[in-house]
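**Student:** Questions regarding the structure given below will be posed in turn.
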Amino acid sequence: MINSDLQALITTLEMAALTTVILLIIGTPLAWYLAKMTSRFKVIIEAVVALPLVLPPTVLGFYLLIAFSPEHLPGQLWQQTTGQQLAFSFSAIVIGSVLYSLPFVVQPLQKAFEQLGDSLLEAGALLGAGPIDRFFSIVLPLTKASFITAASLGFAHTVGEFGVILMIGGNIPGETRVLSIALFDHVEAFDYARAHLLAISLLIGSMVLLAAIYWLNLPKRPQDKARMEQKESLTYE
Amino acid sequence: MSSTLHNHAALSEVSIDSPSQLDIKINVNYRQFTLTIQLPIPLKGITGIFGHSASGKSTLLRAIAGLEQTLEGEITLADKKLVDTKQGLYLKPEQRQVGLVFQNSRLFDHLSVLANLEYAVKRCKNNKLSLDEIIKLTELTALLDHRVTELSGGQQQRAALARAILAEPKLLLLDEPLSALDQHSKAQLLKMMLTIQKKLNLPMLYVSHSLDELQQVCDTLIVMSKGKVIDSGNIHQVIHRLNSYGDADIMHQQTSLSLPIKQFDNGHGLTTLALNAKQDIFLLANEDFEQQTLLRCFILASDISISLTEASDSSIVNHICGTIKQISHQRNNVLVTVHCNSQDFFVMISAFSLQKLSLTIKQQVYLQFKAGAVRTFIH
């Protein structure tokens with residue numbers, strides 16, 4: 001792989017990793033809140049979270065570009081606190097990715113928390129476990145698979161992002177030039193050989209990642225079967 | 001003689017209990033359901049809470065445990081205020097030192113049986129109880145390494161009971177813990193509850209819709225209906241008052257007794273109970289009685305018949321002389337209360353028999369029932 005493409009790969013992985021970490025930190029409480037929420041506003045928040053699923057990425061990118069520009073408040077605030085312009089920066093594409101991949105992290109977690117229900121948490125509370133304790137001793141181990149799914153989907157979706165980054169990140173090598181943008185560049189330049197190389201590596205990489213998720217979520221068949229049989233024999237003891 | 005001795009033994013057992021009380025003055029309002037409870041519950045032994053489904057029993061337990069958020073009023077356990085909504089006080093469940101065993105065990109699937117028990121031990125502040133002792137009491141020794149999903153219903157409830165106890169609560173709540181179990185597991189768990197209650201001196205509030213279960217273990221009974229307490233007191237007296245409701249949906253009309261065992265086996269497979277100084281009651285011997293001094297039993301009103309003279313030529317073993325105290329008509333039947341030496345018996349006869357024998361108040365009659373009619377639980 002050629003040097004500039006390698007740099008694009010590193011930028012992509014950095015962006016996706018940081019985005020995934022941020023998404024897990026803000027996505028977990030948001031998913032928890034949505035799972036426990038009974039108010040009418042729940043559907044509105046859910047719709048906002050799900051919006052990136054249906055919205056053309058360029059629409060989100062366009063509004064973010066405006067917001068991040070130094071003429072507008074978010075961009076201004078960023079410039080005042082960090083001394084750097086937000087638009088066309090690595091930070092901009094991470095923020096964009098966080099918003100764009102939000103549903104991929106929040107939705108599996110929310111579903112897992114809803115399925116878990118309150119009964120085991122009530123049992124934990126009556127044994128003296130406080131809320132934080134209950135989260136780490138009961139919720140996390142029981143929804144581990146959903147956390148893995150959420151993190152992997154968030155990561156993979158961020159790697160595959162194009163439209164938002166094109167709008168708010170531009171194409172600065174080492175800063176905002178990610179794999180999907182580099183691929184587009186090669187096609188524009190009719191350099192199909194390098195485009196093929198990038199495309200096939202993205203394809204295989206995503207395939208491997210997704211296969212790994214599904215494999216991790218697979219019930220461990222032989223053990224489960226043995227467990228079921230054992231359970232049956234115990235019931236008729 | 002022997003009967004008074006046994007009574008003394010029973011009394012001293014009860015008085016070991018630390019005199020504490022649960023004071024409840026609460027209102028829980030839902031759209032279609034209101035629970036209004038104003039009741040001091042003396043925490044001695046096992047107190048039963050009985051009622052139809054949807055009578056508010058479980059809501060009451062959840063309120064005591066801190067799982068019911070929408071309530072107003074006060075709950076005080078011994079000297080500790082758990083809830084006082086006027087003062088804005090509402091202790092979280094984890095701050096109450098109240099245990100709860102649910103209908104379904106609610107064990108943690110991701111942990112082994114032992115790890116479930118240790119979950120409680122790790123979070124317990126006192127750690128006075130020995131884990132090994134509780135494991136032995138609940139007969140879990142052979143199951144410790146098992147995953148909870150591998151356990152049968154009865155085993156799961158035993159593990160849930162052990163886990164709740166190991167948190168060392170001041171009060172243990174039991175919400176229909178036996179309702180999903182078979183007869184054998186039910187009997188086993190009831191026995192365990194009694195043993196644990198006595199050994200640890202842990203007061204329990206036991207909710208059930210089955211009077212049969214409650215009268216095997218409870219000293220005090222609280223009856224709820226439509227979100228209110230309609231009766232409470234000594235379990236036998238409450239059951240006898242319930243007889244007059246004539247509500248066959250919730251219970252069988254019966255005479256409920258706690259009697260000292262005079263002789264475990266009379267040589268013919270019958271156990272002798274002392275009804276009073278002069279009269280005995282016979283029932284079929286069961287090896288479970290062997291270690292007991294006092295036996296809980298009941299006789300269904302439909303299992304007793306009335307005769308005007310004492311039959312000496314009958315296979316029926318129980319003949320008891322008494323006077324009619326009350327006659328009340330219930331649909332086509334008549335419930336006759338017969339008083340025998342400070343003990344009331346309840347007899348269900350047909351209106352036809354009442355007329356045939358022309359029974360009247362204060363008349364002397366003989367009650368007859370077979371040994372098999374004296375039950376310790378319904379099969």
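Order determines the names: the first chain of the structure tokens is A, the second B, and so forth; residues in each chain are numbered 1 upward, and ligands are numbered 1 upward as they are shown.
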Check every residue of chain B for an atom within 10 Å of chain A, counting only C-alpha atoms, and provide those that qualify as a ChimeraX atom specification.

**Tutor:** /B:65-67,92-102,104-111,117,119-125,147-155,160,163-169

**Student:** With a distance cut-off of 10 Å and only C-alpha atoms, select the neighbouring residues of A:Arg194, excluding the residue or stretch itself and same-chain residues fewer than 2 positions from it, and output the selection as a ChimeraX atom specification.

**Tutor:** /A:1-2,5,182-183,185-187,190-192,196-200

**Student:** Would you pick out the contacts of A:Leu23 at 8 Å or less, using only C-alpha atoms, so that residues sharing its chain but fewer than 3 positions from it are not included, and give the list as a ChimeraX atom specification?

**Tutor:** /A:19-20,26-28,98,102,105,154

**Student:** Kindly give the distance, in Å, that separates atom CA of B:Lys80 and atom CA of B:Asn29, rounded to a single decimal.

**Tutor:**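 A separation of 24.4 Å between them.
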
**Student:** I'd like the neighbourhood of B:Met204 as a ChimeraX atom specification, where a residue qualifies if any of its atoms comes within 7 Å (using only C-alpha atoms), though same-chain residues fewer than 2 positions away should be ignored.

**Tutor:** /B:45-47,171-173,202,206

**Student:** Go through A:Leu210, A:Ala112, A:Ile165, A:Ala17 and flag the residue nearest A:Lys36, using only C-alpha atoms for the distances.

**Tutor:**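 Result for the nearest residue to A:Lys36: A:Ala112.
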
**Student:** Give me the residues within 8 Å of B:Leu270 as a PyMOL selection string, counting only C-alpha atoms and dropping any in the same chain fewer than 5 places off.

**Tutor:** chain B and resi 264-265+282-285+371

**Student:** With a distance cut-off of 10 Å and only C-alpha atoms, select the neighbouring residues of stretch 212-218 of chain A, excluding the residue or stretch itself and same-chain residues fewer than 6 positions from it, and output the selection as a list in words.

**Tutor:**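 So the residues in contact are Lys144, Ala145, Ser146, Ile148, Thr149, Ala150, Ala151, Ser152, Leu153 and Ser206 of chain A.
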
**Student:** Please produce an output containing all heavy atoms for each residue in the selection, written as a short mmCIF file (atom, residue, chain, number, x, y, z; two decimals), in the first residue's frame.

**Tutor:**
data_model
loop_
_atom_site.label_atom_id
_atom_site.label_comp_id
_atom_site.auth_asym_id
_atom_site.auth_seq_id
_atom_site.Cartn_x
_atom_site.Cartn_y
_atom_site.Cartn_z
N LYS A 144 -23.49 -8.01 27.72
CA LYS A 144 -22.15 -7.94 27.14
C LYS A 144 -22.19 -8.07 25.62
O LYS A 144 -21.56 -7.31 24.89
CB LYS A 144 -21.29 -9.06 27.75
CG LYS A 144 -19.81 -8.86 27.61
CD LYS A 144 -19.05 -9.90 28.41
CE LYS A 144 -19.37 -11.30 27.95
NZ LYS A 144 -18.89 -12.36 28.84
N ALA A 145 -22.99 -9.03 25.14
CA ALA A 145 -23.06 -9.28 23.70
C ALA A 145 -23.56 -8.03 22.96
O ALA A 145 -23.05 -7.69 21.90
CB ALA A 145 -23.98 -10.46 23.42
N SER A 146 -24.53 -7.34 23.56
CA SER A 146 -25.07 -6.14 22.91
C SER A 146 -24.04 -5.02 22.91
O SER A 146 -24.00 -4.21 21.97
CB SER A 146 -26.34 -5.68 23.61
OG SER A 146 -27.31 -6.69 23.49
N ILE A 148 -20.82 -5.50 22.67
CA ILE A 148 -19.87 -5.85 21.61
C ILE A 148 -20.47 -5.50 20.24
O ILE A 148 -19.83 -4.88 19.40
CB ILE A 148 -19.51 -7.35 21.68
CG1 ILE A 148 -18.73 -7.62 22.97
CG2 ILE A 148 -18.69 -7.77 20.47
CD1 ILE A 148 -18.49 -9.09 23.26
N THR A 149 -21.76 -5.86 20.06
CA THR A 149 -22.44 -5.52 18.81
C THR A 149 -22.44 -4.01 18.59
O THR A 149 -22.10 -3.53 17.51
CB THR A 149 -23.90 -6.02 18.85
OG1 THR A 149 -23.88 -7.40 19.14
CG2 THR A 149 -24.60 -5.79 17.53
N ALA A 150 -22.84 -3.26 19.61
CA ALA A 150 -22.95 -1.81 19.48
C ALA A 150 -21.60 -1.19 19.13
O ALA A 150 -21.49 -0.38 18.20
CB ALA A 150 -23.48 -1.22 20.78
N ALA A 151 -20.54 -1.62 19.83
CA ALA A 151 -19.22 -1.05 19.58
C ALA A 151 -18.74 -1.40 18.18
O ALA A 151 -18.23 -0.55 17.45
CB ALA A 151 -18.23 -1.56 20.62
N SER A 152 -18.96 -2.66 17.77
CA SER A 152 -18.48 -3.08 16.46
C SER A 152 -19.25 -2.38 15.34
O SER A 152 -18.65 -1.92 14.36
CB SER A 152 -18.63 -4.59 16.28
OG SER A 152 -18.25 -5.24 17.44
N LEU A 153 -20.58 -2.28 15.49
CA LEU A 153 -21.37 -1.61 14.47
C LEU A 153 -20.99 -0.14 14.39
O LEU A 153 -20.85 0.43 13.30
CB LEU A 153 -22.87 -1.75 14.76
CG LEU A 153 -23.49 -3.11 14.45
CD1 LEU A 153 -24.97 -3.11 14.82
CD2 LEU A 153 -23.33 -3.46 12.98
N SER A 206 -14.43 -5.01 6.46
CA SER A 206 -15.79 -4.91 7.02
C SER A 206 -16.40 -6.30 7.17
O SER A 206 -17.06 -6.60 8.17
CB SER A 206 -16.67 -4.07 6.10
OG SER A 206 -16.07 -2.84 5.83
#

**Student:** Could you please write out, as a VMD selection string, every residue of stretch 29-188 of chain B that DSSP assigns to helix (DSSP H, G or I)?

**Tutor:** chain B and resid 57 to 65 85 to 87 93 to 95 113 to 123 131 to 137 141 to 143 148 to 150 153 to 166 183 to 188

**Student:** I'd like the contact shell of A:Glu175 - 12 Å cut-off, only C-alpha atoms, skipping same-chain residues fewer than 4 positions apart - returned as a VMD selection string.

**Tutor:** chain A and resid 4 7 to 12 14 to 15 86 to 94 165 168 to 171 179 181
